[in-house]
file data_9.pdb (PDB, C-alpha atoms)
ATOM      1  CA  MET A 105       0.000   0.000   0.000  1.00  0.00           C
ATOM      2  CA  ASP A 106       1.407   3.400  -0.968  1.00  0.00           C
ATOM      3  CA  SER A 107       1.682   6.051   1.780  1.00  0.00           C
ATOM      4  CA  ALA A 108       0.329   8.681  -0.630  1.00  0.00           C
ATOM      5  CA  SER A 109      -2.965   6.822  -0.873  1.00  0.00           C
ATOM      6  CA  GLN A 110      -3.463   6.724   2.902  1.00  0.00           C
ATOM      7  CA  ASP A 111      -6.104   8.944   4.534  1.00  0.00           C
ATOM      8  CA  ILE A 112      -4.360  11.297   6.973  1.00  0.00           C
ATOM      9  CA  ASN A 113      -7.550  12.832   8.381  1.00  0.00           C
ATOM     10  CA  LEU A 114      -7.496  11.860  12.094  1.00  0.00           C
ATOM     11  CA  ASN A 115     -11.289  12.083  12.362  1.00  0.00           C
ATOM     12  CA  SER A 116     -11.805   9.671   9.483  1.00  0.00           C
ATOM     13  CA  PRO A 117     -13.008   6.147  10.386  1.00  0.00           C
ATOM     14  CA  ASN A 118     -10.569   4.804   7.788  1.00  0.00           C
ATOM     15  CA  LYS A 119      -7.522   6.704   9.052  1.00  0.00           C
ATOM     16  CA  GLY A 120      -4.297   5.108   7.973  1.00  0.00           C
ATOM     17  CA  LEU A 121      -6.088   2.545   5.803  1.00  0.00           C
ATOM     18  CA  GLY A 122      -6.402   2.350   2.093  1.00  0.00           C
ATOM     19  CA  SER A 123      -9.811   2.585   0.501  1.00  0.00           C
ATOM     20  CA  ASP A 124      -9.945  -1.095  -0.367  1.00  0.00           C
ATOM     21  CA  SER A 125      -8.399  -2.484   2.829  1.00  0.00           C
ATOM     22  CA  LEU A 126     -11.704  -3.506   4.489  1.00  0.00           C
ATOM     23  CA  SER A 127     -13.196  -5.057   1.431  1.00  0.00           C
ATOM     24  CA  ASP A 128     -10.505  -7.744   1.414  1.00  0.00           C
ATOM     25  CA  VAL A 129     -11.625  -9.172   4.789  1.00  0.00           C
ATOM     26  CA  PRO A 130     -13.982 -12.127   4.268  1.00  0.00           C
ATOM     27  CA  ALA A 131     -17.197 -12.079   6.310  1.00  0.00           C
ATOM     28  CA  GLU A 132     -17.544 -15.610   7.659  1.00  0.00           C
ATOM     29  CA  ARG A 133     -20.397 -15.499  10.091  1.00  0.00           C
ATOM     30  CA  GLY A 134     -22.925 -18.134  11.064  1.00  0.00           C
ATOM     31  CA  ALA A 135     -26.657 -17.657  11.243  1.00  0.00           C
ATOM     32  CA  SER A 136     -26.495 -16.443  14.843  1.00  0.00           C
ATOM     33  CA  GLY A 137     -23.868 -13.796  14.100  1.00  0.00           C
ATOM     34  CA  VAL A 138     -21.155 -15.820  15.829  1.00  0.00           C
ATOM     35  CA  ALA A 139     -18.193 -17.232  14.010  1.00  0.00           C
ATOM     36  CA  PRO A 140     -18.960 -20.866  13.152  1.00  0.00           C
ATOM     37  CA  VAL A 141     -17.707 -23.511  15.492  1.00  0.00           C
ATOM     38  CA  THR A 142     -16.757 -26.936  14.291  1.00  0.00           C
ATOM     39  CA  LEU A 143     -19.409 -29.373  15.401  1.00  0.00           C
ATOM     40  CA  PRO A 144     -18.510 -32.407  17.511  1.00  0.00           C
ATOM     41  CA  PRO A 145     -18.558 -35.659  15.578  1.00  0.00           C
ATOM     42  CA  GLY A 146     -22.013 -37.186  15.290  1.00  0.00           C
ATOM     43  CA  LEU A 147     -23.862 -33.866  15.753  1.00  0.00           C
ATOM     44  CA  THR A 148     -25.763 -32.465  12.799  1.00  0.00           C
ATOM     45  CA  GLU A 149     -26.381 -28.785  12.128  1.00  0.00           C
ATOM     46  CA  GLU A 150     -30.086 -29.203  12.986  1.00  0.00           C
ATOM     47  CA  GLU A 151     -29.279 -30.844  16.341  1.00  0.00           C
ATOM     48  CA  ALA A 152     -26.774 -28.090  17.114  1.00  0.00           C
ATOM     49  CA  GLU A 153     -29.412 -25.465  16.331  1.00  0.00           C
ATOM     50  CA  GLU A 154     -31.911 -27.212  18.658  1.00  0.00           C
ATOM     51  CA  LEU A 155     -29.317 -27.309  21.445  1.00  0.00           C
ATOM     52  CA  ARG A 156     -28.563 -23.587  20.962  1.00  0.00           C
ATOM     53  CA  THR A 157     -32.278 -22.789  21.149  1.00  0.00           C
ATOM     54  CA  GLU A 158     -32.672 -24.900  24.292  1.00  0.00           C
ATOM     55  CA  LEU A 159     -29.584 -23.248  25.851  1.00  0.00           C
ATOM     56  CA  THR A 160     -31.051 -19.806  25.154  1.00  0.00           C
ATOM     57  CA  LYS A 161     -34.345 -20.818  26.818  1.00  0.00           C
ATOM     58  CA  VAL A 162     -32.559 -22.288  29.876  1.00  0.00           C
ATOM     59  CA  GLU A 163     -30.455 -19.131  30.284  1.00  0.00           C
ATOM     60  CA  GLU A 164     -33.631 -17.013  30.100  1.00  0.00           C
ATOM     61  CA  GLU A 165     -35.276 -19.231  32.747  1.00  0.00           C
ATOM     62  CA  ILE A 166     -32.201 -18.878  34.983  1.00  0.00           C
ATOM     63  CA  GLN A 167     -32.394 -15.093  34.683  1.00  0.00           C
ATOM     64  CA  THR A 168     -36.124 -15.176  35.505  1.00  0.00           C
ATOM     65  CA  LEU A 169     -35.497 -17.386  38.537  1.00  0.00           C
ATOM     66  CA  ARG A 170     -32.788 -15.012  39.764  1.00  0.00           C
ATOM     67  CA  GLN A 171     -35.228 -12.125  39.544  1.00  0.00           C
ATOM     68  CA  VAL A 172     -37.926 -14.121  41.371  1.00  0.00           C
ATOM     69  CA  LEU A 173     -35.413 -15.138  44.087  1.00  0.00           C
ATOM     70  CA  LEU A 174     -34.328 -11.517  44.548  1.00  0.00           C
ATOM     71  CA  ALA A 175     -37.961 -10.425  44.896  1.00  0.00           C
ATOM     72  CA  LYS A 176     -38.634 -13.213  47.434  1.00  0.00           C
ATOM     73  CA  GLU A 177     -35.533 -12.243  49.459  1.00  0.00           C
ATOM     74  CA  ARG A 178     -36.695  -8.611  49.556  1.00  0.00           C
ATOM     75  CA  HIS A 179     -40.171  -9.717  50.668  1.00  0.00           C
ATOM     76  CA  ALA A 180     -38.706 -11.978  53.391  1.00  0.00           C
ATOM     77  CA  SER A 181     -36.486  -9.132  54.569  1.00  0.00           C
ATOM     78  CA  GLU A 182     -39.492  -6.806  54.791  1.00  0.00           C
ATOM     79  CA  LEU A 183     -41.488  -9.404  56.767  1.00  0.00           C
ATOM     80  CA  LYS A 184     -38.580  -9.891  59.197  1.00  0.00           C
ATOM     81  CA  ARG A 185     -38.314  -6.141  59.671  1.00  0.00           C
ATOM     82  CA  LYS A 186     -42.039  -5.926  60.454  1.00  0.00           C
ATOM     83  CA  LEU A 187     -41.705  -8.789  62.950  1.00  0.00           C
ATOM     84  CA  GLY A 188     -38.776  -7.073  64.630  1.00  0.00           C
ATOM     85  CA  LEU A 189     -36.285  -9.762  63.686  1.00  0.00           C
ATOM     86  CA  SER A 190     -32.856  -8.323  63.095  1.00  0.00           C
ATOM     87  CA  THR A 191     -29.807  -9.878  61.523  1.00  0.00           C
ATOM     88  CA  LEU A 192     -28.293 -10.156  65.003  1.00  0.00           C
ATOM     89  CA  THR A 193     -31.326 -12.055  66.298  1.00  0.00           C
ATOM     90  CA  GLU A 194     -31.143 -14.375  63.293  1.00  0.00           C
ATOM     91  CA  LEU A 195     -27.441 -14.921  63.892  1.00  0.00           C
ATOM     92  CA  LYS A 196     -28.093 -15.797  67.544  1.00  0.00           C
ATOM     93  CA  GLN A 197     -30.775 -18.282  66.521  1.00  0.00           C
ATOM     94  CA  ASN A 198     -28.473 -19.848  63.916  1.00  0.00           C
ATOM     95  CA  ILE A 199     -25.640 -20.177  66.423  1.00  0.00           C
ATOM     96  CA  SER A 200     -27.969 -21.667  69.027  1.00  0.00           C
ATOM     97  CA  LYS A 201     -29.355 -24.165  66.534  1.00  0.00           C
ATOM     98  CA  GLY A 202     -25.830 -24.985  65.340  1.00  0.00           C
ATOM     99  CA  TRP A 203     -24.672 -25.631  68.906  1.00  0.00           C
ATOM    100  CA  GLN A 204     -27.667 -27.904  69.517  1.00  0.00           C
ATOM    101  CA  ASP A 205     -26.810 -29.789  66.332  1.00  0.00           C
ATOM    102  CA  VAL A 206     -23.209 -30.166  67.494  1.00  0.00           C
ATOM    103  CA  GLN A 207     -24.289 -31.453  70.909  1.00  0.00           C
ATOM    104  CA  THR A 208     -26.492 -34.099  69.360  1.00  0.00           C
ATOM    105  CA  SER A 209     -23.931 -35.170  66.752  1.00  0.00           C
ATOM    106  CA  ASN A 210     -22.298 -38.576  67.033  1.00  0.00           C
ATOM    107  CA  ALA A 211     -18.796 -37.079  67.129  1.00  0.00           C
ATOM    108  CA  TYR A 212     -19.653 -34.828  70.091  1.00  0.00           C
ATOM    109  CA  LEU A 213     -21.386 -37.613  72.001  1.00  0.00           C
ATOM    110  CA  SER A 214     -18.455 -39.944  71.375  1.00  0.00           C
ATOM    111  CA  ALA A 215     -15.915 -37.327  72.502  1.00  0.00           C
ATOM    112  CA  SER A 216     -18.010 -36.542  75.578  1.00  0.00           C
ATOM    113  CA  ALA A 217     -18.164 -40.215  76.521  1.00  0.00           C
ATOM    114  CA  THR A 218     -14.397 -40.515  76.045  1.00  0.00           C
ATOM    115  CA  LEU A 219     -13.796 -37.506  78.285  1.00  0.00           C
ATOM    116  CA  ASP A 220     -16.076 -38.993  80.930  1.00  0.00           C
ATOM    117  CA  ASP A 221     -14.091 -42.229  80.747  1.00  0.00           C
ATOM    118  CA  ILE A 222     -10.837 -40.302  81.151  1.00  0.00           C
ATOM    119  CA  ALA A 223     -12.218 -38.356  84.119  1.00  0.00           C
ATOM    120  CA  GLN A 224     -13.102 -41.627  85.841  1.00  0.00           C
ATOM    121  CA  SER A 225      -9.700 -43.251  85.209  1.00  0.00           C
ATOM    122  CA  GLU A 226      -7.131 -43.775  87.953  1.00  0.00           C
ATOM    123  CA  VAL A 227      -4.410 -41.930  86.011  1.00  0.00           C
ATOM    124  CA  TYR A 228      -6.584 -38.824  85.783  1.00  0.00           C
ATOM    125  CA  LYS A 229      -7.442 -38.936  89.482  1.00  0.00           C
ATOM    126  CA  LYS A 230      -3.760 -39.324  90.467  1.00  0.00           C
ATOM    127  CA  THR A 231      -2.748 -36.458  88.156  1.00  0.00           C
ATOM    128  CA  GLN A 232      -5.482 -34.248  89.576  1.00  0.00           C
ATOM    129  CA  GLU A 233      -4.399 -35.073  93.137  1.00  0.00           C
ATOM    130  CA  THR A 234      -0.728 -34.389  92.329  1.00  0.00           C
ATOM    131  CA  LEU A 235      -1.544 -31.039  90.715  1.00  0.00           C
ATOM    132  CA  SER A 236      -3.706 -30.095  93.695  1.00  0.00           C
ATOM    133  CA  GLN A 237      -0.869 -30.882  96.121  1.00  0.00           C
ATOM    134  CA  ALA A 238       1.600 -28.945  93.937  1.00  0.00           C
ATOM    135  CA  GLY A 239      -0.741 -25.945  93.994  1.00  0.00           C
ATOM    136  CA  GLN A 240      -1.006 -26.073  97.790  1.00  0.00           C
ATOM    137  CA  LYS A 241       2.763 -26.320  98.192  1.00  0.00           C
ATOM    138  CA  THR A 242       3.316 -23.445  95.760  1.00  0.00           C
ATOM    139  CA  SER A 243       0.818 -21.327  97.671  1.00  0.00           C
ATOM    140  CA  ALA A 244       2.564 -22.102 100.943  1.00  0.00           C
ATOM    141  CA  ALA A 245       5.954 -21.263  99.389  1.00  0.00           C
ATOM    142  CA  PHE A 246       4.695 -17.886  98.178  1.00  0.00           C
ATOM    143  CA  SER A 247       3.263 -17.180 101.610  1.00  0.00           C
ATOM    144  CA  THR A 248       6.623 -18.037 103.216  1.00  0.00           C
ATOM    145  CA  VAL A 249       8.505 -15.833 100.744  1.00  0.00           C
ATOM    146  CA  GLY A 250       6.107 -12.966 101.435  1.00  0.00           C
ATOM    147  CA  SER A 251       6.600 -13.325 105.182  1.00  0.00           C
ATOM    148  CA  ALA A 252      10.384 -13.445 104.771  1.00  0.00           C
ATOM    149  CA  ILE A 253      10.367 -10.284 102.656  1.00  0.00           C
ATOM    150  CA  SER A 254       8.178  -8.488 105.206  1.00  0.00           C
ATOM    151  CA  ARG A 255      10.469  -9.579 108.041  1.00  0.00           C
ATOM    152  CA  LYS A 256      13.588  -8.424 106.144  1.00  0.00           C
ATOM    153  CA  LEU A 257      12.019  -5.055 105.395  1.00  0.00           C
ATOM    154  CA  GLY A 258      11.152  -4.684 109.091  1.00  0.00           C
ATOM    155  CA  ASP A 259      14.711  -5.623 110.091  1.00  0.00           C
ATOM    156  CA  MET A 260      16.098  -3.197 107.541  1.00  0.00           C
ATOM    157  CA  ARG A 261      13.932  -0.365 108.886  1.00  0.00           C
ATOM    158  CA  ASN A 262      15.340  -0.957 112.365  1.00  0.00           C
ATOM    159  CA  SER A 263      18.955  -0.996 111.115  1.00  0.00           C
ATOM    160  CA  PRO A 264      21.276   1.958 111.896  1.00  0.00           C
ATOM    161  CA  THR A 265      21.888   2.580 108.189  1.00  0.00           C
ATOM    162  CA  PHE A 266      18.198   2.989 107.473  1.00  0.00           C
ATOM    163  CA  LYS A 267      17.710   5.195 110.549  1.00  0.00           C
ATOM    164  CA  SER A 268      20.550   7.426 109.354  1.00  0.00           C
ATOM    165  CA  PHE A 269      18.971   7.592 105.909  1.00  0.00           C
ATOM    166  CA  GLU A 270      15.578   8.321 107.462  1.00  0.00           C
ATOM    167  CA  ASP A 271      17.068  11.165 109.532  1.00  0.00           C
ATOM    168  CA  LYS A 272      18.679  12.687 106.438  1.00  0.00           C
ATOM    169  CA  PHE A 273      15.466  12.304 104.485  1.00  0.00           C
ATOM    170  CA  GLY A 274      13.514  13.893 107.340  1.00  0.00           C
ATOM    171  CA  ASN A 275      15.899  16.897 107.282  1.00  0.00           C
ATOM    172  CA  ILE A 276      15.429  17.266 103.535  1.00  0.00           C
ATOM    173  CA  LYS A 277      11.669  16.990 103.987  1.00  0.00           C
ATOM    174  CA  SER A 278      11.648  19.751 106.586  1.00  0.00           C
ATOM    175  CA  LYS A 279      13.639  21.994 104.249  1.00  0.00           C
ATOM    176  CA  VAL A 280      11.301  21.292 101.328  1.00  0.00           C
ATOM    177  CA  VAL A 281       8.033  21.421 103.258  1.00  0.00           C
ATOM    178  CA  GLY A 282       9.344  24.052 105.618  1.00  0.00           C
ATOM    179  CA  GLY A 283       6.264  24.638 107.710  1.00  0.00           C
ATOM    180  CA  ARG A 284       5.729  24.034 111.383  1.00  0.00           C
ATOM    181  CA  THR A 285       2.500  23.200 113.166  1.00  0.00           C
ATOM    182  CA  GLU A 286       0.384  25.899 114.755  1.00  0.00           C
ATOM    183  CA  ASN A 287       1.927  25.368 118.179  1.00  0.00           C
ATOM    184  CA  GLY A 288       5.439  25.274 116.609  1.00  0.00           C
ATOM    185  CA  ASP A 289       6.486  21.813 117.676  1.00  0.00           C
ATOM    186  CA  GLY A 290       7.537  20.007 114.471  1.00  0.00           C
ATOM    187  CA  ILE A 291       6.881  19.562 110.829  1.00  0.00           C
ATOM    188  CA  GLN A 292       3.313  19.898 109.675  1.00  0.00           C
ATOM    189  CA  SER A 293       2.062  16.831 107.879  1.00  0.00           C
ATOM    190  CA  PRO A 294      -0.317  17.172 104.930  1.00  0.00           C
ATOM    191  CA  ILE A 295      -2.582  14.674 106.680  1.00  0.00           C
ATOM    192  CA  GLU A 296      -2.736  16.818 109.798  1.00  0.00           C
ATOM    193  CA  SER A 297      -3.707  19.912 107.820  1.00  0.00           C
ATOM    194  CA  ASN A 298      -6.948  18.278 106.694  1.00  0.00           C
ATOM    195  CA  PRO A 299      -9.602  17.837 109.364  1.00  0.00           C
ATOM    196  CA  VAL A 300     -10.875  14.290 109.837  1.00  0.00           C
ATOM    197  CA  GLN A 301     -14.331  13.791 108.405  1.00  0.00           C
ATOM    198  CA  ASP A 302     -16.852  12.341 110.808  1.00  0.00           C
ATOM    199  CA  LYS A 303     -19.139  11.155 108.040  1.00  0.00           C
ATOM    200  CA  ALA A 304     -17.104   9.473 105.341  1.00  0.00           C
ATOM    201  CA  PRO A 305     -18.913   8.983 101.993  1.00  0.00           C
ATOM    202  CA  PHE A 306     -18.514   5.206 102.239  1.00  0.00           C
TER     203      PHE A 306
END
call {"tool": "encode", "arguments": {"input": "data_9.pdb", "output": "C-alpha cells"}}
result
Amino acid sequence: MDSASQDINLNSPNKGLGSDSLSDVPAERGASGVAPVTLPPGLTEEEAEELRTELTKVEEEIQTLRQVLLAKERHASELKRKLGLSTLTELKQNISKGWQDVQTSNAYLSASATLDDIAQSEVYKKTQETLSQAGQKTSAAFSTVGSAISRKLGDMRNSPTFKSFEDKFGNIKSKVVGGRTENGDGIQSPIESNPVQDKAPF
C-alpha cells in the first residue's frame, strides 16, 4: 500500500487505511452472528441449532429465577423487619441451633463419653491429686517468701543505716516542706492539715 494513498484525516473512520483495505476481509459469520464452530462428531447442524435454542431458553429461565429469588428475598427481609427480627437475632438463633446440632452429633457424644471415661480413670485422678498438692505447696511457698520479705524489710527499717537515711530524708523533707505546726512543735504533715471527716462517703 502506498503512503500517498493513505487517509491522513485523524477524524476519518478509515484513518491510515487504504480505501480497499476492508473489502478484502472475508465475512464468515454463522446464522447467529457468531463465528462458526466446528461441530462435535455425530452432531448435525439441525441438532446443534436445537441445542442452541434450548440453551437460550434455559439461560432465560435462569435469569427469571434469579429475579424471582431476589424479589422473594426482599419480601422476606421486609417481613422480618415488620416482625422485629434483626440480623443479630437471626445470627443468635443460627448459632444456638448450630450448637444444639453439634451437641447431638455422634462425634460430640463420642468425645463426651471418652472424656467422661478419662475423668473416671485412675491416672486422671492421680494427676489431679498431684496437681492439687503442687498448687497447695506453691501457695505455701509464696506465703513463706512474702513473710520473709516483710520480716527483712522490718529488720532493715530498724537498722542503723536505714535510721541514718531516714534522719537525712527527714531533714530534707523539713527543708522542702518548711512549715511548722500551729503550736510550733515540728513539721506539719499534709494529713494533719486536713480535718478528719466524721461522716465518710462510704
call {"tool": "axis_aligned_box", "arguments": {"input": "data_9.pdb", "around": "segment 199-208 of chain A", "padding_each_side": "8 Å", "output": "JSON"}}
result
{"center_x": -26.3, "center_y": -27.1, "center_z": 68.1, "size_x": 22.1, "size_y": 29.9, "size_z": 21.6}
call {"tool": "residues_around", "arguments": {"input": "data_9.pdb", "residues": "segment 216-230 of chain A", "least_positions_apart": "6", "cutoff": "10 Å", "atoms": "only C-alpha atoms", "output": "PyMOL selection string"}}
result
chain A and resi 207+210+236
call {"tool": "write_last_selection", "arguments": {"input": "data_9.pdb", "atoms": "C-alpha atoms", "output": "short mmCIF file (atom, residue, chain, number, x, y, z; two decimals), in the frame of the given file"}}
result
data_model
loop_
_atom_site.label_atom_id
_atom_site.label_comp_id
_atom_site.auth_asym_id
_atom_site.auth_seq_id
_atom_site.Cartn_x
_atom_site.Cartn_y
_atom_site.Cartn_z
CA GLN A 207 -24.29 -31.45 70.91
CA ASN A 210 -22.30 -38.58 67.03
CA SER A 236 -3.71 -30.10 93.70
#
call {"tool": "atom_distance", "arguments": {"input": "data_9.pdb", "atom1": "atom CA of Lys256 of chain A", "atom2": "atom CA of Asp271 of chain A"}}
result
20.2 Å
call {"tool": "atom_distance", "arguments": {"input": "data_9.pdb", "atom1": "atom CA of Leu213 of chain A", "atom2": "atom CA of Ile199 of chain A"}}
result
18.8 Å
call {"tool": "closest_residue", "arguments": {"input": "data_9.pdb", "among": "A:Ala245, A:Leu189, A:Leu155, A:Ile276", "to": "Leu143 of chain A", "atoms": "all atoms listed in the file"}}
result
A:Leu155
